[in-house]
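Undergrad: This is input.cif (mmCIF, C-alpha atoms and all ligand atoms).
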```cif
data_query
loop_
_atom_site.label_atom_id
_atom_site.label_comp_id
_atom_site.auth_asym_id
_atom_site.auth_seq_id
_atom_site.Cartn_x
_atom_site.Cartn_y
_atom_site.Cartn_z
CA MET A 161 -20.12 12.96 102.82
CA LYS A 162 -20.36 16.11 104.93
CA LYS A 163 -23.59 18.10 104.73
CA ILE A 164 -23.37 21.65 103.51
CA ILE A 165 -25.56 24.72 103.00
CA VAL A 166 -26.25 25.66 99.38
CA ALA A 167 -27.34 29.29 98.92
CA ILE A 168 -28.89 30.11 95.55
CA ASP A 169 -29.58 33.72 94.59
CA GLY A 170 -30.49 35.42 91.36
CA TYR A 171 -33.02 37.44 89.40
CA SER A 172 -36.70 36.53 89.20
CA SER A 173 -37.72 33.86 86.66
CA CYS A 174 -34.22 32.57 85.99
CA GLY A 175 -35.06 29.05 87.08
CA LYS A 176 -33.77 29.27 90.66
CA SER A 177 -36.47 27.15 92.19
CA THR A 178 -36.33 24.46 89.48
CA ILE A 179 -32.58 24.20 89.96
CA ALA A 180 -32.78 24.33 93.74
CA LYS A 181 -35.44 21.59 93.82
CA ALA A 182 -33.47 19.34 91.47
CA LEU A 183 -30.26 19.86 93.46
CA ALA A 184 -32.02 19.18 96.78
CA LYS A 185 -33.40 15.92 95.36
CA TYR A 186 -30.00 14.91 93.97
CA ALA A 187 -28.29 15.64 97.29
CA GLY A 188 -31.07 14.32 99.55
CA TYR A 189 -31.29 17.82 101.11
CA THR A 190 -34.23 19.95 102.27
CA TYR A 191 -35.34 22.60 99.81
CA VAL A 192 -36.58 26.02 100.99
CA ASP A 193 -38.15 28.53 98.59
CA THR A 194 -37.80 31.85 100.41
CA GLY A 195 -39.59 33.75 97.62
CA ALA A 196 -42.70 31.72 98.54
CA MET A 197 -42.39 33.03 102.11
CA TYR A 198 -42.36 36.67 100.91
CA ARG A 199 -45.23 35.87 98.54
CA ALA A 200 -47.29 34.40 101.41
CA ILE A 201 -46.87 37.61 103.41
CA GLY A 202 -47.72 39.58 100.26
CA LEU A 203 -50.91 37.53 99.88
CA TYR A 204 -51.87 38.21 103.51
CA THR A 205 -51.53 41.97 102.95
CA LEU A 206 -53.61 41.75 99.76
CA ARG A 207 -56.35 39.78 101.48
CA HIS A 208 -56.48 42.20 104.41
CA GLY A 209 -56.10 45.35 102.31
CA LEU A 210 -52.95 46.37 104.21
CA LYS A 211 -51.12 49.12 102.33
CA GLU A 212 -49.31 51.15 104.98
CA GLN A 213 -45.93 49.88 106.13
CA ALA A 214 -46.81 50.40 109.82
CA ASP A 215 -49.96 48.24 109.41
CA ILE A 216 -47.99 45.47 107.70
CA VAL A 217 -45.33 45.46 110.43
CA ALA A 218 -48.02 45.44 113.15
CA ALA A 219 -49.67 42.42 111.48
CA LEU A 220 -46.49 40.27 111.43
CA PRO A 221 -47.23 38.45 114.74
CA ASN A 222 -50.51 37.27 113.14
CA ILE A 223 -48.78 35.83 110.08
CA GLN A 224 -47.38 32.30 110.30
CA VAL A 225 -45.63 31.07 107.18
CA GLY A 226 -44.76 27.38 106.86
CA PHE A 227 -44.34 24.51 104.43
CA VAL A 228 -46.13 21.20 103.91
CA GLN A 229 -45.37 18.34 101.55
CA VAL A 230 -48.21 17.51 99.14
CA ASP A 231 -47.52 14.39 97.06
CA GLY A 232 -43.80 14.97 97.52
CA VAL A 233 -44.06 18.62 96.42
CA GLN A 234 -43.40 21.51 98.80
CA HIS A 235 -46.36 23.88 99.28
CA VAL A 236 -46.26 27.09 101.29
CA THR A 237 -48.83 27.67 104.01
CA LEU A 238 -50.26 30.90 105.41
CA ASN A 239 -51.65 30.46 108.91
CA GLY A 240 -52.04 26.76 108.18
CA GLU A 241 -53.82 27.19 104.83
CA ASP A 242 -52.15 25.78 101.70
CA VAL A 243 -51.79 28.89 99.49
CA GLU A 244 -49.35 27.48 96.94
CA SER A 245 -51.50 28.29 93.90
CA GLN A 246 -52.69 31.72 95.16
CA ILE A 247 -49.14 33.02 95.65
CA ARG A 248 -48.05 32.28 92.07
CA THR A 249 -49.93 35.12 90.36
CA LEU A 250 -48.37 38.33 88.98
CA GLU A 251 -50.32 40.32 91.59
CA ALA A 252 -48.98 38.31 94.53
CA GLY A 253 -45.45 38.47 93.01
CA ASN A 254 -45.60 42.26 92.77
CA CYS A 255 -46.95 42.54 96.26
CA ALA A 256 -44.14 40.26 97.54
CA SER A 257 -41.62 42.49 95.84
CA ARG A 258 -43.06 45.53 97.62
CA ILE A 259 -43.34 44.05 101.12
CA SER A 260 -39.86 42.52 100.79
CA GLN A 261 -38.50 46.08 100.98
CA ILE A 262 -39.66 46.42 104.59
CA LYS A 263 -36.83 45.88 107.08
CA GLU A 264 -39.02 44.25 109.75
CA VAL A 265 -40.55 41.81 107.25
CA ARG A 266 -37.07 40.74 106.18
CA ALA A 267 -35.83 40.35 109.77
CA TYR A 268 -38.92 38.24 110.57
CA LEU A 269 -38.34 35.83 107.69
CA VAL A 270 -34.52 35.79 107.84
CA ALA A 271 -34.66 34.54 111.46
CA GLN A 272 -36.93 31.65 110.39
CA GLN A 273 -34.70 30.85 107.42
CA GLN A 274 -31.54 30.76 109.55
CA ALA A 275 -33.24 28.38 111.99
CA MET A 276 -34.10 26.06 109.08
CA GLY A 277 -30.40 25.81 108.17
CA GLU A 278 -29.08 24.91 111.60
CA GLU A 279 -28.70 21.24 110.70
CA LYS A 280 -27.20 22.03 107.26
CA GLY A 281 -28.19 19.70 104.39
CA ILE A 282 -30.30 22.49 102.93
CA VAL A 283 -30.71 24.16 99.54
CA MET A 284 -32.28 27.61 99.93
CA ASP A 285 -33.08 30.00 97.12
CA GLY A 286 -33.89 33.71 97.17
CA ARG A 287 -32.19 37.08 96.77
CA ASP A 288 -30.12 37.48 99.93
CA ILE A 289 -29.29 33.92 100.89
CA GLY A 290 -25.54 34.04 100.19
CA THR A 291 -25.17 37.63 101.39
CA VAL A 292 -27.41 37.90 104.49
CA VAL A 293 -29.11 34.63 105.51
CA PHE A 294 -26.05 32.34 105.17
CA PRO A 295 -22.99 34.49 104.49
CA LYS A 296 -20.87 31.46 105.48
CA ALA A 297 -22.64 28.96 103.19
CA GLU A 298 -20.19 26.41 101.78
CA LEU A 299 -21.64 26.84 98.28
CA LYS A 300 -23.17 30.00 96.82
CA LEU A 301 -24.65 30.02 93.35
CA PHE A 302 -25.71 33.21 91.58
CA LEU A 303 -28.04 32.54 88.66
CA THR A 304 -28.71 34.90 85.84
CA ALA A 305 -30.30 35.02 82.36
CA SER A 306 -31.24 37.88 80.03
CA PRO A 307 -34.50 39.76 80.84
CA GLU A 308 -36.00 38.69 77.47
CA VAL A 309 -35.30 35.00 78.10
CA ARG A 310 -36.74 35.28 81.62
CA ALA A 311 -39.84 37.12 80.40
CA GLN A 312 -40.48 34.39 77.83
CA ARG A 313 -40.18 31.69 80.53
CA ARG A 314 -42.57 33.60 82.82
CA PHE A 315 -44.98 34.13 79.90
CA ASP A 316 -44.98 30.38 79.09
CA GLU A 317 -45.54 29.52 82.76
CA LEU A 318 -48.55 31.88 83.03
CA VAL A 319 -50.04 30.49 79.79
CA SER A 320 -49.66 26.95 81.11
CA LYS A 321 -51.72 28.04 84.15
CA GLY A 322 -54.55 29.27 81.93
CA GLU A 323 -53.72 33.00 82.22
CA GLN A 324 -53.59 35.22 79.11
CA PRO A 325 -50.52 37.38 79.64
CA ASN A 326 -49.17 40.05 77.31
CA TYR A 327 -45.44 39.50 76.56
CA ASP A 328 -44.54 43.21 76.69
CA GLU A 329 -46.25 43.58 80.05
CA VAL A 330 -44.48 40.49 81.39
CA LEU A 331 -41.12 41.88 80.17
CA ALA A 332 -41.85 45.27 81.76
CA ASP A 333 -42.75 43.47 84.97
CA VAL A 334 -39.45 41.50 84.92
CA ASN A 335 -37.50 44.75 84.43
CA ASP A 336 -39.43 46.54 87.20
CA ARG A 337 -38.87 43.69 89.60
CA ASP A 338 -35.15 43.52 88.76
CA TYR A 339 -34.92 47.23 89.48
CA ARG A 340 -36.74 46.95 92.81
CA ASP A 341 -34.79 43.83 93.85
CA THR A 342 -31.40 45.41 93.12
CA HIS A 343 -32.09 48.97 94.31
CA ARG A 344 -33.96 48.52 97.57
CA ALA A 345 -32.28 49.80 100.72
CA GLU A 346 -32.71 46.53 102.64
CA SER A 347 -30.65 43.53 101.46
CA PRO A 348 -30.69 44.34 97.73
CA LEU A 349 -30.04 41.47 95.36
CA LYS A 350 -26.32 41.31 94.74
CA GLN A 351 -23.79 38.68 93.97
CA ALA A 352 -21.73 37.51 96.94
CA ASN A 353 -17.99 37.88 96.26
CA ASP A 354 -17.48 34.15 96.60
CA ALA A 355 -20.54 33.07 94.53
CA VAL A 356 -20.25 30.90 91.43
CA VAL A 357 -22.12 32.67 88.60
CA VAL A 358 -24.24 30.58 86.22
CA ASP A 359 -25.81 32.36 83.21
CA ASN A 360 -28.38 29.90 81.87
CA SER A 361 -29.76 32.03 78.99
CA PHE A 362 -28.53 29.56 76.42
CA MET A 363 -28.19 26.31 78.39
CA THR A 364 -30.52 23.36 78.11
CA PRO A 365 -31.95 22.18 81.44
CA ASP A 366 -29.72 19.08 81.21
CA GLU A 367 -26.54 21.06 80.55
CA GLN A 368 -27.34 23.35 83.41
CA MET A 369 -28.01 20.58 85.94
CA LYS A 370 -24.85 18.67 84.94
CA LEU A 371 -22.83 21.81 85.60
CA ILE A 372 -24.54 22.46 88.93
CA TYR A 373 -24.18 18.87 90.16
CA SER A 374 -20.46 18.99 89.39
CA ILE A 375 -20.05 22.33 91.23
CA PHE A 376 -21.94 20.82 94.20
CA GLU A 377 -19.78 17.66 94.26
CA LYS A 378 -16.65 19.80 94.33
CA ALA A 379 -18.01 21.97 97.16
CA CYS A 380 -18.74 18.88 99.31
CA LYS A 381 -15.12 17.67 99.13
O1 LIG A 401 -38.42 34.42 93.81
P1 LIG A 401 -39.82 35.00 93.81
O2 LIG A 401 -40.20 35.68 92.51
O3 LIG A 401 -40.85 34.01 94.23
O4 LIG A 401 -39.79 36.16 94.93
C1 LIG A 401 -40.89 36.99 95.17
C2 LIG A 401 -40.39 38.35 95.66
O5 LIG A 401 -39.81 38.20 96.98
C3 LIG A 401 -39.30 39.00 94.79
O6 LIG A 401 -39.74 40.21 94.22
C4 LIG A 401 -38.17 39.32 95.71
C5 LIG A 401 -38.58 38.90 97.07
N1 LIG A 401 -37.59 38.05 97.72
C6 LIG A 401 -36.67 38.67 98.54
O7 LIG A 401 -36.67 39.90 98.65
N2 LIG A 401 -35.77 37.91 99.23
C7 LIG A 401 -35.76 36.59 99.11
N3 LIG A 401 -34.87 35.89 99.80
C8 LIG A 401 -36.69 35.95 98.26
C9 LIG A 401 -37.58 36.70 97.56
#
```
Show me this structure written as structure tokens.
TA:
Amino acid sequence: MKKIIVAIDGYSSCGKSTIAKALAKYAGYTYVDTGAMYRAIGLYTLRHGLKEQADIVAALPNIQVGFVQVDGVQHVTLNGEDVESQIRTLEAGNCASRISQIKEVRAYLVAQQQAMGEEKGIVMDGRDIGTVVFPKAELKLFLTASPEVRAQRRFDELVSKGEQPNYDEVLADVNDRDYRDTHRAESPLKQANDAVVVDNSFMTPDEQMKLIYSIFEKACK
């Protein structure tokens, strides 16, 4: 079967990475979590106290983002250090959302992401994959779910990591991030015209994956 590029975009906490990972495994493809790349740069700016845009742009040549496999699970690296757990906090997520608005940061990561897709056989998730990174991807999925459902999922995830989140704050954070992701000047989150939309608010994980596998099979033909 021919290898294709699968571009998955959508709002935060709507299960993009879970779906992308499962699809990559099903297809025998490489999975790339581009949100993790923005989070790693966000973490670098937090660690170095960089707040001004010019300072962040000037630091880009010192920031190497990569991936390693740990027990079959993809972890993101920042200058060779495995930072997978440090990037998954609310603070790093908010910082990623802010630095992702900087044009030069996006150009820096988009070039790396396009290089990763040269051989095809890739499932990449993010906000601009079907619109900017791979506008010619053979399959584009746009995932969505209601803000309340997404906030509850994010809340449960934080609790499972030992954090003590407040639901209203998590919901406010989801709404803020949606606003920033869809209103920024650079590559705002938007549905590509040829994307298949999947609203998973009321789907079980099984129902959702069955649907996605069948859409993928069709796209490969
Ligand atoms: O998917 P995530 O929550 O891990 O993404 C973290 C932030 O990075 C999110 O606020 C939006 C941004 N992002 C982006 O601008 N473009 C991408 N391709 C992926 C993520």
Undergrad: Kindly assemble as a tab-separated table a list of the chain A residues that lie within 9 Å of ligand LIG 401 (chain A), each paired with its nearest atom pair and their distance in Å to one decimal, using all atoms listed in the file, sorted first by chain and then by ascending residue number.
TA:
```
residue	atom	partner	partner_atom	distance
A:Asp169	CA	A:LIG401	N3	7.7
A:Gly170	CA	A:LIG401	O1	8.4
A:Tyr171	CA	A:LIG401	O1	7.6
A:Ser172	CA	A:LIG401	O2	4.9
A:Ser173	CA	A:LIG401	O2	6.6
A:Lys176	CA	A:LIG401	O1	7.6
A:Ser177	CA	A:LIG401	O1	7.7
A:Asp193	CA	A:LIG401	O3	7.5
A:Thr194	CA	A:LIG401	C8	4.8
A:Gly195	CA	A:LIG401	C9	3.6
A:Ala196	CA	A:LIG401	O3	5.2
A:Met197	CA	A:LIG401	C8	7.5
A:Tyr198	CA	A:LIG401	O5	4.9
A:Arg199	CA	A:LIG401	C1	5.6
A:Gly202	CA	A:LIG401	O5	8.7
A:Ile247	CA	A:LIG401	O3	8.5
A:Arg248	CA	A:LIG401	O3	7.7
A:Ala252	CA	A:LIG401	C1	8.2
A:Gly253	CA	A:LIG401	C1	5.3
A:Asn254	CA	A:LIG401	O6	6.4
A:Cys255	CA	A:LIG401	C2	7.8
A:Ala256	CA	A:LIG401	C2	4.6
A:Ser257	CA	A:LIG401	O6	3.4
A:Arg258	CA	A:LIG401	O6	7.1
A:Ile259	CA	A:LIG401	O5	8.0
A:Ser260	CA	A:LIG401	O7	4.6
A:Gln261	CA	A:LIG401	O7	6.9
A:Arg266	CA	A:LIG401	O7	7.6
A:Leu269	CA	A:LIG401	N3	8.6
A:Val270	CA	A:LIG401	N3	8.0
A:Met284	CA	A:LIG401	N3	8.7
A:Asp285	CA	A:LIG401	N3	6.7
A:Gly286	CA	A:LIG401	N3	3.6
A:Arg287	CA	A:LIG401	N3	4.2
A:Asp288	CA	A:LIG401	N3	5.0
A:Ile289	CA	A:LIG401	N3	6.0
A:Val293	CA	A:LIG401	N3	8.2
A:Arg337	CA	A:LIG401	O6	5.8
A:Asp338	CA	A:LIG401	O6	7.9
A:Arg340	CA	A:LIG401	O6	7.5
A:Asp341	CA	A:LIG401	C4	5.9
A:Glu346	CA	A:LIG401	O7	8.7
A:Ser347	CA	A:LIG401	O7	7.6
A:Pro348	CA	A:LIG401	O7	7.5
A:Leu349	CA	A:LIG401	O7	7.6
```
Undergrad: Set the distance at 12 Å and use only C-alpha atoms: which residues neighbour Ala214 of chain A once local chain neighbours fewer than 4 positions away are removed? I'd like the list as JSON, numbers by chain.
TA: {"A": [205, 210, 218, 219, 220, 259, 262, 263, 264, 265]}
Undergrad: When you count only C-alpha atoms, which of these residues is closest to Gln351 of chain A: A:Leu301, A:Asn326, A:Tyr268, A:Glu212?
TA: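 For Gln351 of chain A, the nearest of the candidates is A:Leu301.
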Undergrad: As an exercise, work out the distance from atom CA of Tyr189 of chain A to atom CA of Val283 of chain A in Å and give it to one decimal place.
TA: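 Between atom CA of Tyr189 of chain A and atom CA of Val283 of chain A the gap works out to 6.6 Å.
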Undergrad: Which residue gives the smallest distance to Ile164 of chain A among A:Ala297, A:Val334, A:Ala311, A:Ile201, with all atoms listed in the file counted?
TA: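 For Ile164 of chain A, the nearest of the candidates is A:Ala297.
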Undergrad: For Tyr339 of chain A, which of A:Pro365, A:Gly322, A:Pro221, A:Pro307 is the closest residue, counting only C-alpha atoms?
TA: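 Of all the options, A:Pro307 lies closest to Tyr339 of chain A.
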Undergrad: So which one's closest to Asp366 of chain A, A:Cys174, A:Ala182, A:Leu299, A:Val228? Using only C-alpha atoms, please.
TA: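 So, comparing all the options, the nearest one is A:Ala182.
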Undergrad: What does the distance between atom CA of Gly240 of chain A and atom CA of Tyr204 of chain A come to in Å, to one decimal place?
TA: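 The value is 12.4 Å.
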Undergrad: Mind giving me the straight-line distance from atom CA of Leu371 of chain A to atom CA of Gln234 of chain A in Å, one decimal?
TA: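 Spanning atom CA of Leu371 of chain A to atom CA of Gln234 of chain A is a straight-line distance of 24.4 Å.
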Undergrad: Using only C-alpha atoms, which of the listed residues (A:Ala271, A:Met276, A:Ala379, A:Ile168) sits closest to Thr190 of chain A?
TA: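 The closest residue to Thr190 of chain A is A:Met276.
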Undergrad: Mind checking which residues fall within 9 Å of Ser361 of chain A, counting all atoms listed in the file, ignoring those fewer than 6 positions away in the same chain, and posting them as a list in words?
TA: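 The neighbour list is Cys174, Thr304, Ala305, Ser306, Val309 and Arg310 of chain A.
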Undergrad: Using only C-alpha atoms, which of A:Leu250, A:Ala352, A:Val358, A:Met363 sits nearest Lys321 of chain A?
TA: A:Leu250
Undergrad: I'd like the contact shell of Ile375 of chain A - 9 Å cut-off, only C-alpha atoms, skipping same-chain residues fewer than 5 positions apart - returned as a list of chain:residue names.
TA: A:Leu299, A:Val356, A:Lys370, A:Cys380
Undergrad: Got a sec: who's within 10 Å of segment 183-188 of chain A, counting only C-alpha atoms, leaving out chain neighbours fewer than 3 positions off, as a count of residues only?
TA: 18
